[in-house]
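**Q** The file below is target11.txt, compact mmCIF, C-alpha atoms:
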```
# COMPACT_ATOMS: atom_id res chain seq x y z
CA MET A 1 0.00 0.00 0.00
CA GLY A 2 1.15 3.59 0.52
CA LYS A 3 4.71 4.47 1.45
CA ASN A 4 5.25 6.25 4.75
CA ASN A 5 7.90 8.77 5.71
CA VAL A 6 8.54 10.07 2.19
CA LYS A 7 9.38 13.75 2.00
CA VAL A 8 9.48 16.43 -0.64
CA GLY A 9 12.56 16.11 -2.82
CA ASP A 10 12.84 12.33 -2.42
CA GLU A 11 13.07 10.18 -5.51
CA VAL A 12 10.70 7.24 -5.08
CA GLN A 13 9.33 4.30 -7.00
CA ASN A 14 5.96 4.92 -8.63
CA LYS A 15 3.73 2.02 -9.68
CA GLN A 16 1.55 2.88 -12.69
CA VAL A 17 -1.28 1.29 -14.70
CA ILE A 18 -0.20 1.60 -18.34
CA PHE A 19 -2.60 1.51 -21.29
CA ASN A 20 -1.31 -0.98 -23.88
CA ASP A 21 -3.24 -0.07 -27.01
CA TYR A 22 -6.59 1.21 -28.27
CA VAL A 23 -9.52 -1.05 -27.38
CA THR A 24 -12.34 -2.29 -29.59
CA GLY A 25 -15.23 -4.08 -27.91
CA SER A 26 -15.11 -4.80 -24.19
CA PRO A 27 -11.96 -3.82 -22.30
CA GLN A 28 -9.93 -6.73 -20.92
CA GLU A 29 -7.37 -6.85 -18.13
CA SER A 30 -4.79 -7.61 -20.83
CA ASP A 31 -5.33 -4.10 -22.23
CA PHE A 32 -3.25 -2.80 -19.30
CA HIS A 33 -0.06 -3.64 -17.50
CA ILE A 34 1.54 -2.50 -14.25
CA THR A 35 4.97 -0.93 -14.37
CA THR A 36 7.22 0.81 -11.86
CA SER A 37 8.94 4.08 -12.73
CA THR A 38 10.62 6.67 -10.51
CA ILE A 39 9.39 10.14 -9.67
CA LYS A 40 10.97 13.05 -7.79
CA LEU A 41 8.53 14.27 -5.17
CA GLN A 42 8.95 17.91 -6.07
CA VAL A 43 7.19 20.40 -8.33
CA PRO A 44 9.73 21.76 -10.86
CA GLN A 45 10.81 25.31 -10.09
CA GLY A 46 8.62 27.94 -11.69
CA SER A 47 5.81 25.45 -12.44
CA ASP A 48 2.27 25.94 -11.11
CA ALA A 49 1.71 22.17 -11.04
CA VAL A 50 0.74 20.19 -7.96
CA LEU A 51 2.41 16.95 -6.86
CA VAL A 52 0.02 14.51 -5.17
CA LYS A 53 -0.02 11.12 -3.52
CA ASN A 54 -3.05 9.31 -4.91
CA LEU A 55 -5.24 7.72 -2.23
CA TYR A 56 -8.35 6.45 -4.06
CA LEU A 57 -8.98 5.96 -7.79
CA SER A 58 -12.48 5.89 -9.25
CA CYS A 59 -13.63 3.32 -11.82
CA ASP A 60 -16.27 4.92 -14.06
CA PRO A 61 -18.05 3.57 -17.17
CA VAL A 62 -17.03 6.62 -19.23
CA MET A 63 -13.41 5.45 -19.02
CA GLN A 64 -14.07 2.88 -21.68
CA PHE A 65 -14.69 5.63 -24.27
CA GLN A 66 -11.28 7.01 -23.41
CA MET A 67 -9.72 3.69 -24.44
CA ARG A 68 -10.95 4.00 -28.03
CA LYS A 69 -9.22 5.46 -31.02
CA MET A 70 -11.72 8.13 -32.00
CA GLU A 71 -11.67 9.45 -35.54
CA ASP A 72 -13.92 12.27 -34.41
CA PRO A 73 -13.12 12.89 -30.73
CA LEU A 74 -15.81 14.32 -28.45
CA SER A 75 -14.72 17.54 -26.79
CA GLY A 76 -14.24 17.39 -23.03
CA TYR A 77 -12.87 13.83 -23.05
CA ILE A 78 -9.22 13.05 -22.44
CA TYR A 79 -8.36 10.02 -24.58
CA TYR A 80 -5.77 7.56 -23.30
CA VAL A 81 -2.37 7.34 -24.97
CA PRO A 82 -0.95 3.85 -25.57
CA GLY A 83 2.17 3.37 -23.46
CA SER A 84 1.08 5.96 -20.88
CA PRO A 85 -0.86 5.70 -17.61
CA ILE A 86 -4.64 5.92 -17.78
CA ASN A 87 -6.41 8.64 -15.82
CA GLY A 88 -9.72 9.23 -14.11
CA PHE A 89 -11.25 10.80 -11.05
CA GLY A 90 -9.51 10.24 -7.76
CA VAL A 91 -8.85 11.51 -4.25
CA ALA A 92 -5.32 12.60 -3.46
CA LYS A 93 -3.13 14.37 -0.89
CA VAL A 94 -0.98 17.31 -1.97
CA LEU A 95 2.73 16.75 -1.21
CA ASP A 96 4.15 19.82 -2.98
CA SER A 97 2.52 22.73 -4.79
CA GLY A 98 3.53 25.46 -7.19
CA HIS A 99 -0.07 26.70 -7.32
CA GLY A 100 -1.33 29.46 -5.03
CA GLU A 101 -4.59 27.72 -4.19
CA PHE A 102 -3.06 24.46 -2.94
CA SER A 103 -0.64 23.69 -0.12
CA ALA A 104 1.13 20.56 1.08
CA GLY A 105 -1.27 18.51 3.19
CA ASP A 106 -4.42 19.55 1.30
CA LEU A 107 -6.82 16.79 0.33
CA VAL A 108 -8.27 17.15 -3.19
CA TRP A 109 -10.44 15.34 -5.72
CA GLY A 110 -10.35 15.61 -9.49
CA THR A 111 -8.66 14.04 -12.51
CA THR A 112 -5.43 12.23 -11.73
CA SER A 113 -3.36 9.45 -13.30
CA TRP A 114 -3.52 5.80 -12.28
CA GLU A 115 -0.24 5.74 -10.38
CA GLU A 116 0.91 6.15 -6.80
CA TYR A 117 2.17 9.71 -7.26
CA SER A 118 1.15 12.24 -9.91
CA LEU A 119 2.41 15.61 -11.07
CA ILE A 120 -0.84 17.35 -12.01
CA GLN A 121 -0.18 20.05 -14.59
CA ASN A 122 -3.72 21.50 -14.57
CA PRO A 123 -4.51 21.82 -10.86
CA GLU A 124 -7.31 24.33 -11.49
CA GLN A 125 -9.58 21.33 -12.19
CA LEU A 126 -9.00 19.95 -8.69
CA LYS A 127 -11.50 20.59 -5.90
CA LYS A 128 -10.26 20.98 -2.35
CA ILE A 129 -11.85 18.66 0.22
CA HIS A 130 -13.01 20.62 3.25
CA HIS A 131 -15.27 18.06 4.91
CA THR A 132 -13.27 15.11 6.25
CA ASP A 133 -15.83 13.87 8.80
CA VAL A 134 -17.33 11.72 6.00
CA PRO A 135 -15.40 8.91 4.25
CA LEU A 136 -12.83 10.31 1.79
CA THR A 137 -13.90 7.59 -0.67
CA HIS A 138 -17.23 9.43 -1.01
CA TYR A 139 -15.40 12.09 -3.07
CA THR A 140 -15.15 9.54 -5.90
CA GLY A 141 -18.92 9.02 -5.67
CA ILE A 142 -21.73 10.80 -3.88
CA LEU A 143 -19.54 13.88 -3.21
CA GLY A 144 -17.79 13.65 -6.59
CA MET A 145 -18.68 13.31 -10.27
CA PRO A 146 -21.49 10.70 -9.76
CA GLY A 147 -23.03 12.92 -7.08
CA ILE A 148 -23.04 15.91 -9.43
CA THR A 149 -24.66 13.71 -12.11
CA ALA A 150 -27.36 12.44 -9.73
CA TYR A 151 -28.03 15.92 -8.32
CA ALA A 152 -28.40 17.35 -11.83
CA ALA A 153 -30.67 14.44 -12.88
CA ILE A 154 -33.13 15.00 -10.03
CA HIS A 155 -32.85 18.69 -9.16
CA GLU A 156 -32.12 20.30 -12.55
CA VAL A 157 -33.10 18.03 -15.46
CA GLY A 158 -35.91 15.68 -14.38
CA LEU A 159 -37.40 17.72 -11.52
CA PRO A 160 -39.65 14.94 -10.16
CA LYS A 161 -42.20 16.17 -7.66
CA LYS A 162 -43.69 14.59 -4.55
CA GLY A 163 -46.03 11.74 -5.48
CA GLU A 164 -44.57 11.21 -8.97
CA THR A 165 -43.31 7.84 -10.18
CA VAL A 166 -39.59 7.52 -10.93
CA PHE A 167 -37.74 4.66 -12.62
CA ILE A 168 -33.94 4.35 -12.50
CA SER A 169 -31.94 1.79 -14.50
CA ALA A 170 -28.50 0.65 -13.28
CA ALA A 171 -29.96 1.71 -9.95
CA SER A 172 -27.34 0.18 -7.65
CA GLY A 173 -24.43 1.83 -9.49
CA ALA A 174 -22.51 4.98 -8.64
CA VAL A 175 -25.16 7.43 -9.91
CA GLY A 176 -28.36 5.39 -9.64
CA GLN A 177 -28.18 4.72 -5.91
CA ILE A 178 -27.85 8.47 -5.18
CA ALA A 179 -30.49 9.62 -7.67
CA GLY A 180 -32.96 7.08 -6.27
CA GLN A 181 -32.44 8.27 -2.71
CA PHE A 182 -32.69 11.95 -3.74
CA ALA A 183 -36.03 11.16 -5.44
CA LYS A 184 -37.25 9.26 -2.35
CA LEU A 185 -36.36 12.26 -0.15
CA LEU A 186 -38.60 14.39 -2.40
CA GLY A 187 -41.49 12.00 -1.74
CA CYS A 188 -41.51 10.15 -5.07
CA TYR A 189 -42.38 6.48 -5.70
CA VAL A 190 -39.05 5.04 -6.87
CA VAL A 191 -38.30 1.74 -8.62
CA GLY A 192 -34.88 0.57 -9.79
CA SER A 193 -33.53 -2.18 -12.03
CA ALA A 194 -30.25 -4.02 -11.44
CA GLY A 195 -28.54 -7.18 -12.65
CA THR A 196 -28.35 -9.52 -9.63
CA LYS A 197 -30.62 -10.63 -6.78
CA GLU A 198 -28.13 -9.14 -4.28
CA LYS A 199 -28.33 -5.73 -5.99
CA VAL A 200 -32.14 -5.87 -6.03
CA ASP A 201 -32.15 -6.73 -2.30
CA LEU A 202 -29.79 -3.82 -1.68
CA LEU A 203 -32.13 -1.39 -3.48
CA LYS A 204 -35.21 -2.53 -1.57
CA ASN A 205 -33.77 -3.25 1.87
CA LYS A 206 -30.90 -0.79 2.31
CA LEU A 207 -31.37 2.09 -0.14
CA GLY A 208 -35.10 2.55 0.46
CA PHE A 209 -36.40 2.03 -3.09
CA ASP A 210 -40.11 1.20 -3.16
CA ASP A 211 -39.52 -1.70 -5.55
CA ALA A 212 -36.82 -3.16 -7.76
CA PHE A 213 -36.35 -5.98 -10.25
CA ASN A 214 -33.53 -8.01 -11.79
CA TYR A 215 -33.71 -7.27 -15.50
CA LYS A 216 -31.77 -10.46 -16.31
CA GLN A 217 -34.57 -12.53 -14.74
CA GLU A 218 -37.40 -10.75 -16.57
CA PRO A 219 -38.31 -12.39 -19.89
CA ASP A 220 -40.55 -9.39 -20.67
CA LEU A 221 -39.31 -5.96 -19.55
CA ASP A 222 -42.59 -4.33 -20.57
CA ALA A 223 -44.49 -6.69 -18.23
CA ALA A 224 -42.00 -6.03 -15.41
CA LEU A 225 -42.49 -2.27 -15.75
CA LYS A 226 -46.30 -2.62 -15.90
CA ARG A 227 -46.13 -4.66 -12.69
CA CYS A 228 -44.10 -1.94 -10.93
CA PHE A 229 -45.88 1.03 -12.52
CA PRO A 230 -49.52 0.13 -13.20
CA GLU A 231 -50.26 3.85 -13.71
CA GLY A 232 -47.11 4.54 -15.76
CA ILE A 233 -43.80 6.39 -15.25
CA ASP A 234 -43.48 10.17 -14.78
CA PHE A 235 -39.66 10.34 -14.89
CA TYR A 236 -37.03 7.87 -16.13
CA LEU A 237 -33.31 8.29 -15.48
CA ASP A 238 -31.65 6.25 -18.23
CA GLN A 239 -28.12 4.91 -17.90
CA VAL A 240 -28.73 1.74 -19.90
CA GLY A 241 -30.49 2.45 -23.23
CA GLY A 242 -31.31 -0.40 -25.58
CA LYS A 243 -34.16 -2.80 -24.78
CA MET A 244 -34.79 -1.18 -21.40
CA LEU A 245 -35.35 2.26 -22.94
CA ASP A 246 -37.64 0.70 -25.56
CA ALA A 247 -39.74 -0.96 -22.83
CA VAL A 248 -39.83 2.24 -20.79
CA LEU A 249 -41.27 4.17 -23.76
CA LEU A 250 -44.27 1.82 -23.67
CA ASN A 251 -44.80 2.68 -19.99
CA MET A 252 -44.24 6.42 -19.83
CA LYS A 253 -47.17 8.60 -18.81
CA PHE A 254 -48.30 11.36 -21.17
CA HIS A 255 -45.96 14.38 -20.80
CA GLY A 256 -43.41 12.18 -18.98
CA ARG A 257 -39.73 13.12 -18.83
CA ILE A 258 -36.65 11.05 -19.68
CA ALA A 259 -33.11 12.12 -18.76
CA ILE A 260 -30.26 10.20 -20.39
CA CYS A 261 -26.74 10.29 -18.96
CA GLY A 262 -25.44 6.94 -20.20
CA MET A 263 -26.23 3.79 -22.19
CA ILE A 264 -24.03 1.06 -20.78
CA SER A 265 -25.90 -1.69 -22.69
CA GLN A 266 -24.66 -0.16 -25.96
CA TYR A 267 -21.03 0.65 -25.17
CA ASN A 268 -19.47 -2.58 -26.41
CA LEU A 269 -21.77 -3.52 -29.29
CA ASP A 270 -20.50 -3.48 -32.87
CA GLU A 271 -23.90 -2.13 -33.95
CA PRO A 272 -26.14 -0.22 -31.51
CA GLU A 273 -29.57 -1.80 -30.95
CA VAL A 274 -32.47 -0.26 -32.84
CA LEU A 275 -35.19 1.46 -30.78
CA ARG A 276 -38.64 0.38 -31.98
CA ASN A 277 -40.96 2.57 -29.91
CA VAL A 278 -39.61 6.02 -30.75
CA MET A 279 -42.95 7.13 -32.23
CA LEU A 280 -44.27 7.22 -28.65
CA LEU A 281 -42.11 10.29 -28.01
CA ALA A 282 -44.58 12.20 -30.16
CA LEU A 283 -47.77 10.33 -29.28
CA LYS A 284 -47.17 10.69 -25.53
CA ARG A 285 -45.64 14.21 -25.78
CA LEU A 286 -42.52 13.03 -23.94
CA SER A 287 -39.54 15.25 -23.12
CA VAL A 288 -36.11 13.65 -23.52
CA LYS A 289 -32.92 15.40 -22.43
CA GLY A 290 -29.37 14.18 -22.63
CA PHE A 291 -26.99 15.58 -20.02
CA THR A 292 -23.56 15.09 -18.45
CA HIS A 293 -21.97 16.16 -15.18
CA ARG A 294 -19.65 18.42 -17.22
CA ASP A 295 -22.38 21.06 -17.53
CA HIS A 296 -23.29 21.05 -13.85
CA HIS A 297 -20.12 21.51 -11.77
CA HIS A 298 -21.38 24.97 -10.75
CA LEU A 299 -24.01 23.08 -8.69
CA TYR A 300 -21.34 21.40 -6.54
CA PRO A 301 -21.91 23.66 -3.50
CA LYS A 302 -25.65 22.82 -3.66
CA LEU A 303 -24.84 19.09 -3.79
CA LEU A 304 -22.66 19.40 -0.67
CA GLU A 305 -25.35 21.42 1.10
CA LEU A 306 -27.95 18.74 0.36
CA ALA A 307 -25.92 15.55 0.71
CA LEU A 308 -23.56 16.18 3.66
CA PRO A 309 -26.27 16.47 6.35
CA TYR A 310 -28.05 13.38 4.97
CA ILE A 311 -24.79 11.39 5.00
CA ARG A 312 -23.97 12.51 8.55
CA ASP A 313 -27.49 11.65 9.75
CA LYS A 314 -27.36 8.31 7.88
CA LYS A 315 -30.46 9.31 5.90
CA ILE A 316 -28.55 8.51 2.70
CA VAL A 317 -26.58 5.28 2.35
CA TYR A 318 -23.76 5.12 -0.19
CA VAL A 319 -22.50 1.64 -1.05
CA GLU A 320 -18.91 1.29 -2.19
CA ASP A 321 -16.96 -1.67 -3.59
CA ILE A 322 -13.32 -1.06 -2.66
CA VAL A 323 -10.38 -3.14 -3.88
CA GLU A 324 -6.92 -2.70 -2.38
CA GLY A 325 -3.75 -1.90 -4.29
CA ILE A 326 -3.04 -0.48 -7.73
CA GLU A 327 -2.41 -4.02 -9.04
CA SER A 328 -6.14 -4.70 -8.52
CA GLY A 329 -7.08 -1.66 -10.65
CA PRO A 330 -7.40 -3.18 -14.14
CA ALA A 331 -9.64 -6.07 -12.97
CA ALA A 332 -11.85 -3.65 -11.01
CA LEU A 333 -12.21 -1.31 -13.98
CA VAL A 334 -12.95 -4.10 -16.47
CA GLY A 335 -15.46 -5.63 -14.02
CA LEU A 336 -17.72 -2.58 -14.36
CA PHE A 337 -18.76 -3.70 -17.84
CA SER A 338 -20.01 -7.09 -16.66
CA GLY A 339 -21.64 -5.70 -13.49
CA ARG A 340 -19.11 -7.39 -11.22
CA ASN A 341 -19.05 -4.38 -8.88
CA PHE A 342 -21.44 -4.05 -5.93
CA GLY A 343 -21.93 -0.30 -5.60
CA LYS A 344 -19.41 2.40 -6.51
CA GLN A 345 -16.14 0.78 -7.67
CA ILE A 346 -13.01 2.26 -6.07
CA VAL A 347 -9.32 1.28 -6.04
CA ALA A 348 -7.61 2.15 -2.73
CA LEU A 349 -3.88 2.90 -3.04
CA ALA A 350 -3.27 4.35 0.42
CA HIS A 351 -5.47 5.38 3.32
CA HIS A 352 -3.65 8.70 3.78
```
Mind turning the file's structure into structure tokens?
**A**
Amino acid sequence: MGKNNVKVGDEVQNKQVIFNDYVTGSPQESDFHITTSTIKLQVPQGSDAVLVKNLYLSCDPVMQFQMRKMEDPLSGYIYYVPGSPINGFGVAKVLDSGHGEFSAGDLVWGTTSWEEYSLIQNPEQLKKIHHTDVPLTHYTGILGMPGITAYAAIHEVGLPKKGETVFISAASGAVGQIAGQFAKLLGCYVVGSAGTKEKVDLLKNKLGFDDAFNYKQEPDLDAALKRCFPEGIDFYLDQVGGKMLDAVLLNMKFHGRIAICGMISQYNLDEPEVLRNVMLLALKRLSVKGFTHRDHHHLYPKLLELALPYIRDKKIVYVEDIVEGIESGPAALVGLFSGRNFGKQIVALAHH
């Protein structure tokens, strides 16, 4: 795990997760390898970079787009470079800083590389962690990018009201479990779908969802949704797409709202599945909005204001799946795409 007693100016070994080559289809563990390089624990003179010790790395579905060779890259995404470390969101401790806003000892979250120590050249994207009475791992999840996504889904995009019916796919994942609990706190009737019996039990028994079902055990998704929503769905938070979205369209109420922030069922297909019920968008006067956390970081103070008291009072539960050691990173990341994780997937490098 982490190395103790290192000090600024030391040259130390630095384990890294290296990206081998561009990926087509599902990522495999063999798409990465672990290497050890050396790093001097000092920000170069005159640089405004920040040198950090990485504590927790976040595994997020979006990372698989960053493994592709894109002919037409989407703006806002940092694509991985073969032969270099991958990057993603993480929690880190500042060891040395050339930037006025950060000092040694600060805890931060933001984009960092998958390695034990990182020299972060664009520290303005980092957010300082001021509240350490909650688990630091939460800053990869409910108090990080997934939290911003869930907050935006419920409080900016979907705006479900008390008494409305809400359906969330991938409901036990990083975003779904928060969005579902936010909707419950507003007084909504909330149902989630997940891919194992254990995840369904988690939704119903620990996260407070009104109902949940295992989509892998449902031969007819339309029938499953009709069972859970006999009156129809007011708001659907879609992270899955494909057959689930098609079945949801059959079950939306008139003037219902759909917010789409992901489509994990489509990420690794050679040809995306065809939606058959799109005409219902018009017939039912549905509103559909795509969104991403990238447009909502200005809401971060509001997320903290809402979520921190609920976390402290145990009114919100956030389930994390933590593996230890950077060597466990590739398997944890790849496991996301087969649903191997149970809650928010995190790689712990050091417990600060």
**Q** Between atom CA of A:Phe291 and atom CA of A:Thr149, what is the spacing in Å?
**A**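 Computing it gives 8.5 Å between the two atoms.
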**Q** Could you tell me which of A:Lys253, A:Lys243, A:His138, A:Arg340 comes closest to A:Glu198 if we count only C-alpha atoms?
**A**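 Of A:Lys253, A:Lys243, A:His138, A:Arg340, the one nearest A:Glu198, counting only C-alpha atoms, is A:Arg340.
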**Q** Taking all atoms listed in the file into account, name the residue in A:Ala150, A:Val43, A:Leu245, A:Ile120 that is nearest to A:Ser265.
**A**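 Ranking A:Ala150, A:Val43, A:Leu245, A:Ile120 by distance to A:Ser265, first place goes to A:Leu245.
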**Q** Compile the contact shell of A:Phe235 as a PDB file with C-alpha atoms, in the coordinates of the input: residues with an atom at most 7 Å away, counting all atoms listed in the file, same-chain residues fewer than 6 positions apart removed.
**A**
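The resulting result_21.pdb:
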```pdb
ATOM      1  CA  GLY A 158     -35.910  15.680 -14.380  1.00  0.00           C
ATOM      2  CA  PRO A 160     -39.650  14.940 -10.160  1.00  0.00           C
ATOM      3  CA  THR A 165     -43.310   7.840 -10.180  1.00  0.00           C
ATOM      4  CA  VAL A 166     -39.590   7.520 -10.930  1.00  0.00           C
ATOM      5  CA  PHE A 167     -37.740   4.660 -12.620  1.00  0.00           C
ATOM      6  CA  GLY A 256     -43.410  12.180 -18.980  1.00  0.00           C
ATOM      7  CA  ARG A 257     -39.730  13.120 -18.830  1.00  0.00           C
ATOM      8  CA  ILE A 258     -36.650  11.050 -19.680  1.00  0.00           C
TER       9      ILE A 258
END
```
**Q** Which residues are near A:Ile264? Cut-off 9 Å, all atoms listed in the file, ignore same chain within fewer than 4 positions. Put them as a PyMOL selection string.
**A** chain A and resi 61+170+239-242+268+337
**Q** Next, write the just-selected residues to a file, as a PDB file, in the frame of the given file, keeping C-alpha atoms as the atom set.
**A**
```pdb
ATOM      1  CA  PRO A  61     -18.050   3.570 -17.170  1.00  0.00           C
ATOM      2  CA  ALA A 170     -28.500   0.650 -13.280  1.00  0.00           C
ATOM      3  CA  GLN A 239     -28.120   4.910 -17.900  1.00  0.00           C
ATOM      4  CA  VAL A 240     -28.730   1.740 -19.900  1.00  0.00           C
ATOM      5  CA  GLY A 241     -30.490   2.450 -23.230  1.00  0.00           C
ATOM      6  CA  GLY A 242     -31.310  -0.400 -25.580  1.00  0.00           C
ATOM      7  CA  ASN A 268     -19.470  -2.580 -26.410  1.00  0.00           C
ATOM      8  CA  PHE A 337     -18.760  -3.700 -17.840  1.00  0.00           C
TER       9      PHE A 337
END
```
**Q** Distance cut-off 9 Å, centre (-25.0, 1.6, -13.6) in file coordinates, counting all atoms listed in the file: which residues qualify? Return them as a PyMOL selection string.
**A** chain A and resi 61+169-177+194+239-240+262-264+336+339+343
**Q** Tell me, in Å to one decimal, how far atom CA of A:Asp321 is from atom CA of A:Lys197.
**A**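 If I compute the distance from atom CA of A:Asp321 to atom CA of A:Lys197, I get 16.6 Å.
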**Q** Could you tell me how far atom CA of A:Ala183 sits from atom CA of A:His296, in Å to one decimal place?
**A**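 Pair atom CA of A:His296 / atom CA of A:Ala183 returns 18.2 Å.
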**Q** Write out as a Markdown table a residue-level contact list of stretch 24-81 of chain A versus stretch 110-119 of chain A with cut-off 12 Å: for each qualifying residue the closest pair of atoms and the distance in Å to one decimal, counting only C-alpha atoms, rows sorted by chain and residue number upward.
**A**
```
| residue | atom | partner | partner_atom | distance |
| --- | --- | --- | --- | --- |
| A:Phe32 | CA | A:Trp114 | CA | 11.1 |
| A:His33 | CA | A:Trp114 | CA | 11.3 |
| A:Ile34 | CA | A:Glu115 | CA | 9.3 |
| A:Thr35 | CA | A:Glu115 | CA | 9.4 |
| A:Thr36 | CA | A:Glu115 | CA | 9.1 |
| A:Ser37 | CA | A:Glu115 | CA | 9.6 |
| A:Thr38 | CA | A:Tyr117 | CA | 9.6 |
| A:Ile39 | CA | A:Tyr117 | CA | 7.6 |
| A:Lys40 | CA | A:Tyr117 | CA | 9.4 |
| A:Leu41 | CA | A:Tyr117 | CA | 8.1 |
| A:Gln42 | CA | A:Leu119 | CA | 8.5 |
| A:Val43 | CA | A:Leu119 | CA | 7.3 |
| A:Pro44 | CA | A:Leu119 | CA | 9.6 |
| A:Ser47 | CA | A:Leu119 | CA | 10.5 |
| A:Asp48 | CA | A:Leu119 | CA | 10.3 |
| A:Ala49 | CA | A:Leu119 | CA | 6.6 |
| A:Val50 | CA | A:Leu119 | CA | 5.8 |
| A:Leu51 | CA | A:Leu119 | CA | 4.4 |
| A:Val52 | CA | A:Ser118 | CA | 5.4 |
| A:Lys53 | CA | A:Tyr117 | CA | 4.6 |
| A:Asn54 | CA | A:Glu116 | CA | 5.4 |
| A:Leu55 | CA | A:Glu116 | CA | 7.8 |
| A:Tyr56 | CA | A:Trp114 | CA | 9.6 |
| A:Leu57 | CA | A:Trp114 | CA | 7.1 |
| A:Ser58 | CA | A:Trp114 | CA | 9.5 |
| A:Cys59 | CA | A:Trp114 | CA | 10.4 |
| A:Asp60 | CA | A:Thr111 | CA | 12.0 |
| A:Met63 | CA | A:Thr111 | CA | 11.8 |
| A:Tyr77 | CA | A:Thr111 | CA | 11.4 |
| A:Ile78 | CA | A:Thr111 | CA | 10.0 |
| A:Tyr80 | CA | A:Ser113 | CA | 10.5 |
| A:Val81 | CA | A:Ser113 | CA | 11.9 |
```
**Q** Between A:Ile142, A:Met244, A:Ala348, A:Leu202, which is the closest to A:Glu218 once you count only C-alpha atoms?
**A**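 That would be A:Met244, the residue with the smallest distance to A:Glu218.
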**Q** Go through A:Val108, A:Val8, A:Ile316, A:Leu306 and flag the residue nearest A:Gln181, using only C-alpha atoms for the distances.
**A**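 Between A:Val108, A:Val8, A:Ile316, A:Leu306, the residue approaching A:Gln181 most closely is A:Ile316.
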**Q** Residues within 9 Å of (-3.5, 21.6, -5.4), file coordinates, counting only C-alpha atoms: what are they? Give the list as a ChimeraX atom specification.
**A** /A:49-52,93-104,106-108,120,123-124,126-128
**Q** Check the smallest atom-to-atom distance from each of A:Leu304, A:Ile148, A:Val17, A:Val12 to A:Ser328 using all atoms listed in the file, then report the winner.
**A**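 Of all the options, A:Val17 lies closest to A:Ser328.
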**Q** Quick one: stretch 341-352 of chain A with N, CA, C and O atoms, as a PDB file, keeping the file's coordinate frame?
**A**
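Final file, selection-v9.pdb:
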```
ATOM      1  N   ASN A 341     -19.122  -5.251 -10.057  1.00  0.00           N
ATOM      2  CA  ASN A 341     -19.050  -4.380  -8.880  1.00  0.00           C
ATOM      3  C   ASN A 341     -20.368  -4.403  -8.104  1.00  0.00           C
ATOM      4  O   ASN A 341     -21.435  -4.607  -8.661  1.00  0.00           O
ATOM      5  N   PHE A 342     -20.256  -4.155  -6.798  1.00  0.00           N
ATOM      6  CA  PHE A 342     -21.440  -4.050  -5.930  1.00  0.00           C
ATOM      7  C   PHE A 342     -21.413  -2.659  -5.320  1.00  0.00           C
ATOM      8  O   PHE A 342     -20.821  -2.427  -4.278  1.00  0.00           O
ATOM      9  N   GLY A 343     -22.026  -1.707  -6.019  1.00  0.00           N
ATOM     10  CA  GLY A 343     -21.930  -0.300  -5.600  1.00  0.00           C
ATOM     11  C   GLY A 343     -20.809   0.404  -6.361  1.00  0.00           C
ATOM     12  O   GLY A 343     -20.312  -0.090  -7.371  1.00  0.00           O
ATOM     13  N   LYS A 344     -20.422   1.559  -5.850  1.00  0.00           N
ATOM     14  CA  LYS A 344     -19.410   2.400  -6.510  1.00  0.00           C
ATOM     15  C   LYS A 344     -18.035   1.733  -6.446  1.00  0.00           C
ATOM     16  O   LYS A 344     -17.546   1.437  -5.356  1.00  0.00           O
ATOM     17  N   GLN A 345     -17.432   1.501  -7.613  1.00  0.00           N
ATOM     18  CA  GLN A 345     -16.140   0.780  -7.670  1.00  0.00           C
ATOM     19  C   GLN A 345     -14.982   1.744  -7.454  1.00  0.00           C
ATOM     20  O   GLN A 345     -14.843   2.748  -8.155  1.00  0.00           O
ATOM     21  N   ILE A 346     -14.135   1.405  -6.464  1.00  0.00           N
ATOM     22  CA  ILE A 346     -13.010   2.260  -6.070  1.00  0.00           C
ATOM     23  C   ILE A 346     -11.772   1.382  -5.912  1.00  0.00           C
ATOM     24  O   ILE A 346     -11.856   0.241  -5.453  1.00  0.00           O
ATOM     25  N   VAL A 347     -10.613   1.943  -6.279  1.00  0.00           N
ATOM     26  CA  VAL A 347      -9.320   1.280  -6.040  1.00  0.00           C
ATOM     27  C   VAL A 347      -8.591   2.097  -4.963  1.00  0.00           C
ATOM     28  O   VAL A 347      -8.328   3.288  -5.158  1.00  0.00           O
ATOM     29  N   ALA A 348      -8.311   1.461  -3.823  1.00  0.00           N
ATOM     30  CA  ALA A 348      -7.610   2.150  -2.730  1.00  0.00           C
ATOM     31  C   ALA A 348      -6.102   1.912  -2.886  1.00  0.00           C
ATOM     32  O   ALA A 348      -5.649   0.770  -2.947  1.00  0.00           O
ATOM     33  N   LEU A 349      -5.343   3.014  -2.947  1.00  0.00           N
ATOM     34  CA  LEU A 349      -3.880   2.900  -3.040  1.00  0.00           C
ATOM     35  C   LEU A 349      -3.238   3.119  -1.678  1.00  0.00           C
ATOM     36  O   LEU A 349      -2.222   2.521  -1.356  1.00  0.00           O
ATOM     37  N   ALA A 350      -3.802   4.025  -0.900  1.00  0.00           N
ATOM     38  CA  ALA A 350      -3.270   4.350   0.420  1.00  0.00           C
ATOM     39  C   ALA A 350      -4.401   4.990   1.200  1.00  0.00           C
ATOM     40  O   ALA A 350      -5.266   5.639   0.618  1.00  0.00           O
ATOM     41  N   HIS A 351      -4.389   4.822   2.511  1.00  0.00           N
ATOM     42  CA  HIS A 351      -5.470   5.380   3.320  1.00  0.00           C
ATOM     43  C   HIS A 351      -4.987   6.628   4.050  1.00  0.00           C
ATOM     44  O   HIS A 351      -5.235   6.806   5.218  1.00  0.00           O
ATOM     45  N   HIS A 352      -4.225   7.401   3.389  1.00  0.00           N
ATOM     46  CA  HIS A 352      -3.650   8.700   3.780  1.00  0.00           C
ATOM     47  C   HIS A 352      -3.216   8.692   5.225  1.00  0.00           C
ATOM     48  O   HIS A 352      -2.244   9.161   5.591  1.00  0.00           O
TER      49      HIS A 352
END
```
